[in-house]
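K.L.:
Input file: input_14.cif. Contents: mmCIF, C-alpha atoms and all ligand atoms.
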```
data_start
loop_
_atom_site.label_atom_id
_atom_site.label_comp_id
_atom_site.auth_asym_id
_atom_site.auth_seq_id
_atom_site.Cartn_x
_atom_site.Cartn_y
_atom_site.Cartn_z
CA MET L 1 22.01 -2.97 12.92
CA HIS L 2 24.07 -1.02 10.42
CA GLY L 3 27.28 -2.44 9.05
CA LEU L 4 30.54 -1.09 10.35
CA ASP L 5 31.92 2.09 8.83
CA ASP L 6 34.87 0.57 6.94
CA GLN L 7 36.51 3.92 6.38
CA ALA L 8 36.48 4.73 10.08
CA VAL L 9 37.80 1.25 10.91
CA ALA L 10 40.64 1.73 8.40
CA ARG L 11 41.45 5.17 9.79
CA VAL L 12 41.60 3.90 13.39
CA SER L 13 43.85 1.02 12.27
CA GLU L 14 46.26 3.46 10.60
CA LEU L 15 46.22 5.75 13.63
CA LEU L 16 47.01 2.85 15.95
CA LYS L 17 49.83 1.63 13.71
CA GLY L 18 51.46 5.04 13.71
CA SER L 19 50.85 5.95 17.33
CA THR L 20 53.71 6.25 19.78
CA GLN L 21 51.43 6.13 22.80
CA PRO L 22 47.85 4.95 22.31
CA VAL L 23 45.54 4.96 25.32
CA ALA L 24 41.93 3.88 25.76
CA LEU L 25 39.36 4.93 28.32
CA THR L 26 36.70 2.26 28.81
CA GLY L 27 33.43 2.16 30.71
CA ALA L 28 30.26 0.22 31.39
CA GLY L 29 29.43 -0.30 27.70
CA ILE L 30 32.23 -2.80 27.12
CA SER L 31 31.27 -4.73 30.26
CA ALA L 32 27.63 -4.78 29.20
CA GLU L 33 28.70 -6.51 25.98
CA SER L 34 29.95 -9.36 28.19
CA GLY L 35 26.67 -9.44 30.09
CA VAL L 36 27.89 -7.74 33.27
CA PRO L 37 24.73 -6.65 35.08
CA THR L 38 24.63 -2.91 35.55
CA PHE L 39 23.77 -1.45 38.91
CA ARG L 40 20.37 -0.55 37.56
CA SER L 41 19.40 -3.73 35.79
CA GLY L 42 16.79 -4.75 38.33
CA GLU L 43 18.06 -7.87 40.10
CA SER L 44 15.52 -9.99 41.91
CA GLY L 45 15.63 -12.28 44.92
CA PHE L 46 17.36 -11.82 48.25
CA TRP L 47 20.38 -9.91 46.94
CA GLY L 48 18.40 -7.93 44.43
CA ARG L 49 16.36 -6.33 47.19
CA PHE L 50 19.38 -4.26 48.15
CA ARG L 51 20.15 -1.11 46.26
CA PRO L 52 23.86 -0.62 45.52
CA GLU L 53 23.60 2.87 47.01
CA ASP L 54 22.66 1.18 50.29
CA LEU L 55 25.42 -1.45 50.37
CA ALA L 56 28.33 0.00 48.40
CA THR L 57 29.13 2.59 51.05
CA PRO L 58 31.56 2.83 53.97
CA GLU L 59 28.57 3.39 56.27
CA ALA L 60 26.91 0.14 55.20
CA PHE L 61 30.15 -1.76 55.74
CA ALA L 62 30.55 -0.28 59.22
CA ALA L 63 26.94 -1.16 60.09
CA ASP L 64 26.91 -4.72 58.70
CA PRO L 65 30.28 -5.87 57.36
CA LEU L 66 29.12 -9.48 56.92
CA LEU L 67 26.20 -8.46 54.71
CA VAL L 68 28.36 -6.22 52.53
CA TRP L 69 31.11 -8.85 52.29
CA CYS L 70 28.61 -11.51 51.19
CA TRP L 71 26.94 -9.17 48.71
CA TYR L 72 30.32 -8.74 47.02
CA ALA L 73 30.87 -12.51 47.10
CA TRP L 74 27.55 -12.82 45.28
CA ARG L 75 28.65 -10.27 42.69
CA ARG L 76 32.00 -12.06 42.22
CA ALA L 77 30.11 -15.32 41.71
CA GLN L 78 28.00 -13.63 39.02
CA LEU L 79 31.07 -12.20 37.31
CA ALA L 80 32.93 -15.50 37.37
CA GLU L 81 30.38 -16.84 34.90
CA LEU L 82 31.21 -14.16 32.35
CA SER L 83 33.91 -14.01 29.72
CA PRO L 84 35.81 -11.14 28.14
CA ASN L 85 34.46 -10.17 24.71
CA ASP L 86 36.06 -9.36 21.36
CA GLY L 87 36.57 -5.75 22.44
CA HIS L 88 38.58 -6.77 25.52
CA ARG L 89 40.59 -9.26 23.47
CA ALA L 90 41.33 -6.75 20.70
CA MET L 91 42.65 -4.22 23.21
CA ALA L 92 44.86 -6.93 24.73
CA ALA L 93 46.21 -7.65 21.23
CA PHE L 94 46.93 -3.93 20.71
CA GLU L 95 49.66 -4.24 23.37
CA GLN L 96 51.76 -5.81 20.59
CA LEU L 97 51.69 -2.55 18.62
CA PRO L 98 54.95 -0.56 18.34
CA GLY L 99 53.57 2.09 20.72
CA GLY L 100 52.10 -0.47 23.12
CA PHE L 101 48.62 0.08 24.50
CA THR L 102 47.24 1.09 27.88
CA VAL L 103 43.67 0.87 29.11
CA ILE L 104 42.24 3.24 31.70
CA THR L 105 39.02 1.67 32.91
CA GLN L 106 36.12 2.71 35.08
CA ASN L 107 35.04 -0.92 35.31
CA VAL L 108 35.81 -3.03 38.38
CA ASP L 109 35.08 -6.44 36.84
CA GLY L 110 38.60 -7.47 35.82
CA LEU L 111 37.49 -8.42 32.30
CA HIS L 112 40.34 -6.50 30.63
CA GLN L 113 42.90 -8.61 32.50
CA ALA L 114 40.84 -11.73 31.84
CA GLY L 115 41.02 -10.84 28.14
CA GLY L 116 44.81 -10.74 28.33
CA SER L 117 45.58 -7.05 28.94
CA HIS L 118 48.54 -6.29 31.17
CA ASN L 119 48.52 -2.51 31.08
CA VAL L 120 45.31 -1.64 32.89
CA ILE L 121 44.68 1.30 35.20
CA GLU L 122 41.56 0.76 37.32
CA VAL L 123 40.38 4.17 38.50
CA HIS L 124 37.43 2.71 40.44
CA GLY L 125 39.38 -0.22 41.94
CA SER L 126 38.76 -3.91 41.33
CA ILE L 127 36.18 -6.32 42.64
CA ALA L 128 38.87 -9.00 42.41
CA ALA L 129 41.00 -7.37 45.10
CA VAL L 130 40.63 -6.79 48.82
CA ARG L 131 42.46 -4.48 51.18
CA CYS L 132 42.53 -3.42 54.82
CA SER L 133 39.45 -1.37 55.74
CA ALA L 134 41.57 0.65 58.19
CA ASP L 135 44.15 1.50 55.50
CA CYS L 136 46.99 0.38 57.77
CA GLY L 137 49.27 -0.02 54.76
CA ALA L 138 49.14 -3.82 54.68
CA ARG L 139 49.25 -5.30 51.23
CA ARG L 140 46.35 -5.57 48.83
CA TYR L 141 45.30 -9.10 47.97
CA LEU L 142 44.18 -10.28 44.60
CA LEU L 143 41.45 -12.90 44.80
CA HIS L 144 42.72 -15.33 42.22
CA GLU L 145 39.59 -17.38 42.76
CA HIS L 146 37.88 -14.67 40.74
CA ASN L 147 38.38 -16.84 37.71
CA HIS L 148 36.85 -15.73 34.49
CA LYS L 149 37.04 -18.12 31.63
CA HIS L 150 40.18 -16.31 30.68
CA ASP L 151 42.78 -16.93 28.06
CA HIS L 152 45.40 -19.55 28.81
CA ASN L 153 48.41 -17.35 28.29
CA HIS L 154 47.01 -15.19 31.06
CA ASP L 155 46.89 -18.07 33.57
CA ARG L 156 50.65 -17.93 34.04
CA GLU L 157 50.46 -14.22 34.73
CA ARG L 158 47.74 -14.77 37.31
CA ASP L 159 49.84 -17.48 38.94
CA ARG L 160 52.72 -15.08 39.26
CA GLU L 161 50.50 -12.48 40.90
CA ARG L 162 48.99 -15.04 43.18
CA ASP L 163 49.47 -14.48 46.86
CA ARG L 164 50.81 -17.38 48.79
CA ASP L 165 50.86 -16.21 52.37
CA ALA L 166 48.53 -17.81 54.87
CA SER L 167 46.23 -14.89 55.55
CA ALA L 168 45.63 -14.45 51.84
CA GLU L 169 44.80 -18.12 51.58
CA ALA L 170 42.21 -17.67 54.33
CA VAL L 171 40.57 -14.90 52.34
CA PHE L 172 40.52 -17.01 49.22
CA ALA L 173 39.09 -19.99 51.09
CA SER L 174 36.30 -17.97 52.68
CA ASP L 175 35.52 -16.31 49.38
CA ARG L 176 35.30 -19.69 47.70
CA GLU L 177 33.02 -20.90 50.47
CA VAL L 178 30.69 -17.91 50.19
CA ALA L 179 30.69 -18.08 46.41
CA ARG L 180 29.82 -21.78 46.56
CA LEU L 181 26.98 -21.18 49.01
CA VAL L 182 25.66 -18.34 46.91
CA ALA L 183 25.85 -20.44 43.76
CA GLU L 184 24.10 -23.37 45.42
CA GLN L 185 21.54 -21.58 47.54
CA GLY L 186 21.00 -18.21 45.90
CA ASP L 187 18.64 -16.24 48.09
CA ALA L 188 19.04 -18.54 51.06
CA ALA L 189 22.81 -18.22 51.19
CA PHE L 190 22.90 -15.15 53.37
CA ALA L 191 20.65 -16.73 56.02
CA THR L 192 22.86 -19.81 56.00
CA ILE L 193 25.98 -17.72 56.36
CA SER L 194 24.65 -15.49 59.12
CA GLU L 195 22.85 -18.19 61.07
CA GLY L 196 25.42 -20.79 61.68
CA SER L 197 27.49 -22.10 58.84
CA GLY L 198 30.46 -21.14 60.97
CA LEU L 199 31.41 -18.50 58.44
CA SER L 200 29.95 -15.59 60.37
CA GLY L 201 32.74 -15.65 62.93
CA ARG L 202 35.34 -15.64 60.18
CA LEU L 203 33.88 -13.09 57.79
CA PRO L 204 34.86 -10.64 56.68
CA PRO L 205 38.45 -11.89 56.93
CA GLN L 206 40.79 -9.78 59.02
CA CYS L 207 43.86 -7.83 57.96
CA SER L 208 47.07 -9.62 58.86
CA GLY L 209 48.67 -6.24 59.61
CA CYS L 210 46.22 -4.73 62.11
CA GLY L 211 43.24 -7.03 62.57
CA ALA L 212 40.68 -4.73 60.97
CA TYR L 213 38.29 -6.28 58.47
CA LEU L 214 39.38 -6.64 54.90
CA ARG L 215 37.07 -5.00 52.35
CA PRO L 216 36.62 -5.07 48.59
CA ASP L 217 39.14 -2.76 46.91
CA VAL L 218 36.51 -0.83 44.99
CA VAL L 219 35.51 2.80 45.24
CA TRP L 220 32.29 3.09 47.23
CA PHE L 221 29.71 5.84 46.98
CA GLY L 222 31.05 8.95 48.65
CA GLU L 223 34.68 7.78 48.58
CA GLN L 224 37.72 9.32 46.94
CA LEU L 225 39.15 7.65 43.86
CA PRO L 226 42.54 5.97 44.33
CA LEU L 227 45.00 8.84 43.95
CA GLU L 228 47.82 6.85 42.41
CA ALA L 229 45.63 5.37 39.67
CA VAL L 230 44.02 8.73 38.91
CA ASN L 231 47.40 10.45 38.72
CA ARG L 232 48.72 7.81 36.33
CA ALA L 233 45.56 8.15 34.22
CA PHE L 234 46.09 11.91 33.91
CA GLU L 235 49.81 11.56 33.14
CA LEU L 236 49.07 9.06 30.40
CA SER L 237 46.27 11.17 28.96
CA GLU L 238 48.62 14.16 28.81
CA SER L 239 51.28 12.24 26.90
CA ALA L 240 49.03 10.12 24.66
CA ASP L 241 49.05 10.90 20.93
CA LEU L 242 45.96 8.75 20.31
CA PHE L 243 43.05 8.48 22.73
CA LEU L 244 40.20 6.00 22.29
CA VAL L 245 36.99 6.45 24.26
CA VAL L 246 35.23 3.09 24.32
CA GLY L 247 31.82 2.27 25.73
CA THR L 248 31.53 5.24 28.04
CA SER L 249 29.53 8.42 27.91
CA SER L 250 32.41 9.97 29.88
CA VAL L 251 30.33 12.46 31.79
CA VAL L 252 31.55 11.56 35.28
CA TYR L 253 34.80 12.89 36.73
CA PRO L 254 37.61 11.96 36.25
CA ALA L 255 36.67 10.09 33.09
CA ALA L 256 35.14 13.20 31.55
CA ALA L 257 38.35 15.17 31.99
CA LEU L 258 40.75 12.60 30.50
CA PRO L 259 39.79 12.89 26.80
CA GLU L 260 39.67 16.67 27.21
CA VAL L 261 43.20 16.71 28.62
CA ALA L 262 44.42 14.39 25.87
CA ALA L 263 42.85 16.53 23.13
CA GLU L 264 44.26 19.73 24.58
CA ARG L 265 47.73 18.18 24.39
CA GLY L 266 47.18 17.27 20.77
CA ALA L 267 46.01 13.65 20.87
CA VAL L 268 43.71 12.38 18.13
CA LEU L 269 40.35 11.46 19.71
CA VAL L 270 38.45 8.35 18.65
CA GLU L 271 35.03 7.48 19.99
CA ILE L 272 33.64 3.95 19.81
CA ASN L 273 30.11 3.83 21.18
CA PRO L 274 26.72 2.71 19.85
CA GLU L 275 25.14 5.99 20.99
CA PRO L 276 26.23 9.61 20.62
CA THR L 277 27.80 11.08 23.77
CA PRO L 278 28.72 14.60 24.90
CA LEU L 279 32.19 13.88 23.50
CA SER L 280 31.05 12.93 19.99
CA ASP L 281 31.36 16.44 18.54
CA ARG L 282 34.97 16.71 19.67
CA ALA L 283 36.01 13.28 18.38
CA ASP L 284 38.18 13.17 15.24
CA VAL L 285 36.89 9.71 14.31
CA VAL L 286 33.69 8.04 15.46
CA ILE L 287 32.72 4.39 15.11
CA ARG L 288 29.07 4.08 15.98
CA SER L 289 29.15 0.49 17.19
CA GLY L 290 29.74 -1.76 20.14
CA SER L 291 33.38 -2.27 21.03
CA GLY L 292 33.42 -5.96 20.09
CA PRO L 293 32.61 -5.63 16.38
CA ALA L 294 34.52 -2.34 16.01
CA LEU L 295 37.75 -3.31 17.73
CA SER L 296 37.94 -6.84 16.37
CA ALA L 297 37.61 -5.35 12.85
CA VAL L 298 40.45 -2.96 13.67
CA ALA L 299 42.59 -5.79 15.10
CA GLN L 300 42.02 -7.91 12.02
CA ARG L 301 43.06 -5.06 9.76
CA LEU L 302 46.25 -4.74 11.80
CA GLY L 303 46.91 -8.46 11.41
CA LEU L 304 46.43 -8.99 15.13
CA GLY L 305 43.39 -11.19 14.52
CA ALA L 306 41.78 -10.98 17.95
ZN ZN K 1 45.25 -3.42 58.38
#
```
Let me see the structure of the file written as structure tokens.
P.N.:
Amino acid sequence: MHGLDDQAVARVSELLKGSTQPVALTGAGISAESGVPTFRSGESGFWGRFRPEDLATPEAFAADPLLVWCWYAWRRAQLAELSPNDGHRAMAAFEQLPGGFTVITQNVDGLHQAGGSHNVIEVHGSIAAVRCSADCGARRYLLHEHNHKHDHNHDRERDRERDRDASAEAVFASDREVARLVAEQGDAAFATISEGSGLSGRLPPQCSGCGAYLRPDVVWFGEQLPLEAVNRAFELSESADLFLVVGTSSVVYPAAALPEVAAERGAVLVEINPEPTPLSDRADVVIRSGSGPALSAVAQRLGLGA
């Protein structure tokens, strides 16, 4: 492991200090630093036998909504054990900068918010939220039970966001129940759930607006990205004067287009990634490192001591 490039760290600190609108695009790399299992990391056991391509689709949900719902409960249970890392926390601290700080993320794990960030645009949705599968326009629910070991000052924010109506409570209760079963029984949990724990009649929970099943508010294979989030991401990228690309190889649309758009409008491009990416040649500053060491060094230089 090489030491950090101090000059690059200093340059990024100065750029952030002087920026009127800094924006970051983040991807799987920053989640991996927190131990989030990637789709390809070869899970074992009952749940690991399923390929994400087979369950994270609208077709799979239509065919077996209980199985898909429980698979997501299993993933939420896995994520609940993880904590945001120094990279997440540094970017949360950057919100105190004169120009503020906004994160556009391809990750669905909620770790930016758990690290204290408030300005987060999730272009692939969030595993911590559910919505009506029939898109009837009923509200989106945030599963506050998706509790990372997050920072205390963020607890109050979560409490404010917390849904208090009865149907939301039913979702939270069933999610807790599934998560508990999965944590206790692992592989056997699905059999328990489907064969008579009494959950099968209640899961997935139903939309209070139209009675259709609720579903995870994530983008499934073959689905469109959420238009509002994508539009906001493009608007921000067009107006940003500093654009950080963190932990993503940014080859997939729309992520790939965002740094391009920002650079065309004159933003300074910074890449923070352990490996070279297709964007590296276009970047004005590169820090060849994981986001945790790089961004915490930047935060410390800015006196934000993340
Ligand atoms: Zn509905």
K.L.:
Can you tell me which residues come within 10 Å of ligand ZN 1 (chain K) when counting only C-alpha atoms and all ligand atoms, ideally as a PyMOL selection string?
P.N.:
chain L and resi 131-140+206-214
K.L.:
What gap, in Å, lies between CA of Phe243 in chain L and CA of Arg11 in chain L?
P.N.:
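Rounded to one decimal, the two atoms are 13.5 Å apart.
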K.L.:
As an exercise, work out the distance from CA of Ser237 in chain L to CA of Val23 in chain L in Å and give it to one decimal place.
P.N.:
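CA of Ser237 in chain L sits 7.2 Å away from CA of Val23 in chain L.
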K.L.:
Kindly assemble as CSV a list of the range 74-103 of chain L residues that lie within 9 Å of range 270-293 of chain L, each paired with its nearest atom pair and their distance in Å to one decimal, using all atoms listed in the file, sorted first by chain and then by ascending residue number.
P.N.:
```
residue,atom,partner,partner_atom,distance
L:Asn85,CA,L:Gly292,CA,6.3
L:Asp86,CA,L:Gly292,CA,4.5
L:Gly87,CA,L:Gly292,CA,3.9
L:His88,CA,L:Gly292,CA,7.5
L:Arg89,CA,L:Gly292,CA,8.6
L:Ala90,CA,L:Gly292,CA,8.0
```
K.L.:
What gap, in Å, lies between CA of Gly186 in chain L and CA of Pro37 in chain L?
P.N.:
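Going from CA of Gly186 in chain L over to CA of Pro37 in chain L covers 16.3 Å.
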K.L.:
For a quick check of your reading of the model, name the residues lying within 8 Å of the coordinate (30.7, -12.7, 55.6), counting only C-alpha atoms, and write them as a PDB file with C-alpha atoms, in the coordinates of the input.
P.N.:
```
ATOM      1  CA  PRO L  65      30.280  -5.870  57.360  1.00  0.00           C
ATOM      2  CA  LEU L  66      29.120  -9.480  56.920  1.00  0.00           C
ATOM      3  CA  LEU L  67      26.200  -8.460  54.710  1.00  0.00           C
ATOM      4  CA  VAL L  68      28.360  -6.220  52.530  1.00  0.00           C
ATOM      5  CA  TRP L  69      31.110  -8.850  52.290  1.00  0.00           C
ATOM      6  CA  CYS L  70      28.610 -11.510  51.190  1.00  0.00           C
ATOM      7  CA  VAL L 178      30.690 -17.910  50.190  1.00  0.00           C
ATOM      8  CA  ILE L 193      25.980 -17.720  56.360  1.00  0.00           C
ATOM      9  CA  SER L 194      24.650 -15.490  59.120  1.00  0.00           C
ATOM     10  CA  LEU L 199      31.410 -18.500  58.440  1.00  0.00           C
ATOM     11  CA  SER L 200      29.950 -15.590  60.370  1.00  0.00           C
ATOM     12  CA  ARG L 202      35.340 -15.640  60.180  1.00  0.00           C
ATOM     13  CA  LEU L 203      33.880 -13.090  57.790  1.00  0.00           C
ATOM     14  CA  PRO L 204      34.860 -10.640  56.680  1.00  0.00           C
ATOM     15  CA  PRO L 205      38.450 -11.890  56.930  1.00  0.00           C
TER      16      PRO L 205
END
```
K.L.:
Counting only C-alpha atoms, find residues at most 12 Å from (37.3, 8.9, 36.8) (file frame) and give them as a VMD selection string.
P.N.:
chain L and resid 25 to 27 104 to 107 121 to 125 219 224 to 227 229 to 234 248 to 259
K.L.:
Would you compute, for all listed atoms of range 109-127 of chain L, the axis-aligned bounding box grown by 5 Å on each side, and then report its centre and edge lengths in Å rounded to one decimal, as JSON?
P.N.:
```
{"center_x": 41.8, "center_y": -3.8, "center_z": 35.4, "size_x": 23.5, "size_y": 25.9, "size_z": 24.5}
```
K.L.:
Pick out the residues sitting within 8 Å of Ala179 in chain L, and hand them over as a list of chain:residue names; count all atoms listed in the file, and ignore anything fewer than 3 positions along from it in its own chain.
P.N.:
L:Ala73, L:Trp74, L:Arg76, L:Ala77, L:Asp175, L:Arg176, L:Val182, L:Ala183
K.L.:
Closest to Ser239 in chain L among L:Ser83, L:Ala189, L:Ala32, L:Gln21, using all atoms listed in the file?
P.N.:
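Of L:Ser83, L:Ala189, L:Ala32, L:Gln21, the one nearest Ser239 in chain L, counting all atoms listed in the file, is L:Gln21.
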K.L.:
Ranking L:Ala299, L:Ala56, L:Ala240, L:Val108 by minimum distance to Ala28 in chain L and counting all atoms listed in the file, which one comes first?
P.N.:
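Going through L:Ala299, L:Ala56, L:Ala240, L:Val108 one by one, the smallest distance to Ala28 in chain L is for L:Val108.
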K.L.:
Write out as a list in words which residues come within 12 Å of Leu55 in chain L when counting all atoms listed in the file, dropping same-chain ones fewer than 2 positions away.
P.N.:
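The contact residues come out as Phe39, Trp47, Gly48, Arg49, Phe50, Arg51, Pro52, Glu53, Thr57, Pro58, Glu59, Ala60, Phe61, Ala62, Ala63, Asp64, Pro65, Leu66, Leu67, Val68, Trp69, Cys70, Trp71, Tyr72, Pro216, Trp220, Phe221 and Gly222 of chain L.
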K.L.:
Which residue gives the smallest distance to Gly110 in chain L among L:Leu97, L:Leu242, L:Ala188, L:Leu142, with only C-alpha atoms counted?
P.N.:
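Distance minimum relative to Gly110 in chain L lands on L:Leu142.
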K.L.:
Given only C-alpha atoms as the basis, pick out the residue of L:Leu236, L:Val246, L:Val130, L:Ala93 nearest to His118 in chain L.
P.N.:
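Result for the nearest residue to His118 in chain L: L:Ala93.
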K.L.:
Give me the residues within 7 Å of Gly115 in chain L as an mmCIF file with C-alpha atoms, in the frame of the given file, counting only C-alpha atoms and dropping any in the same chain fewer than 2 places off.
P.N.:
```
data_model
loop_
_atom_site.group_PDB
_atom_site.id
_atom_site.type_symbol
_atom_site.label_atom_id
_atom_site.label_comp_id
_atom_site.auth_asym_id
_atom_site.auth_seq_id
_atom_site.Cartn_x
_atom_site.Cartn_y
_atom_site.Cartn_z
ATOM 1 C CA PRO L 84 35.810 -11.140 28.140
ATOM 2 C CA HIS L 88 38.580 -6.770 25.520
ATOM 3 C CA ARG L 89 40.590 -9.260 23.470
ATOM 4 C CA ALA L 92 44.860 -6.930 24.730
ATOM 5 C CA LEU L 111 37.490 -8.420 32.300
ATOM 6 C CA HIS L 112 40.340 -6.500 30.630
ATOM 7 C CA GLN L 113 42.900 -8.610 32.500
ATOM 8 C CA SER L 117 45.580 -7.050 28.940
ATOM 9 C CA HIS L 150 40.180 -16.310 30.680
ATOM 10 C CA ASP L 151 42.780 -16.930 28.060
#
```
K.L.:
Can you tell me which residues surround Val9 in chain L at a distance of at most 10 Å, considering only C-alpha atoms, apart from same-chain residues fewer than 4 positions away, and format the answer as a list in words?
P.N.:
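My list of contacting residues is Leu4, Asp5, Ser13, Glu14, Leu15, Val285, Val286, Ile287, Ala294, Leu295, Ser296, Ala297, Val298, Ala299 and Arg301 of chain L.
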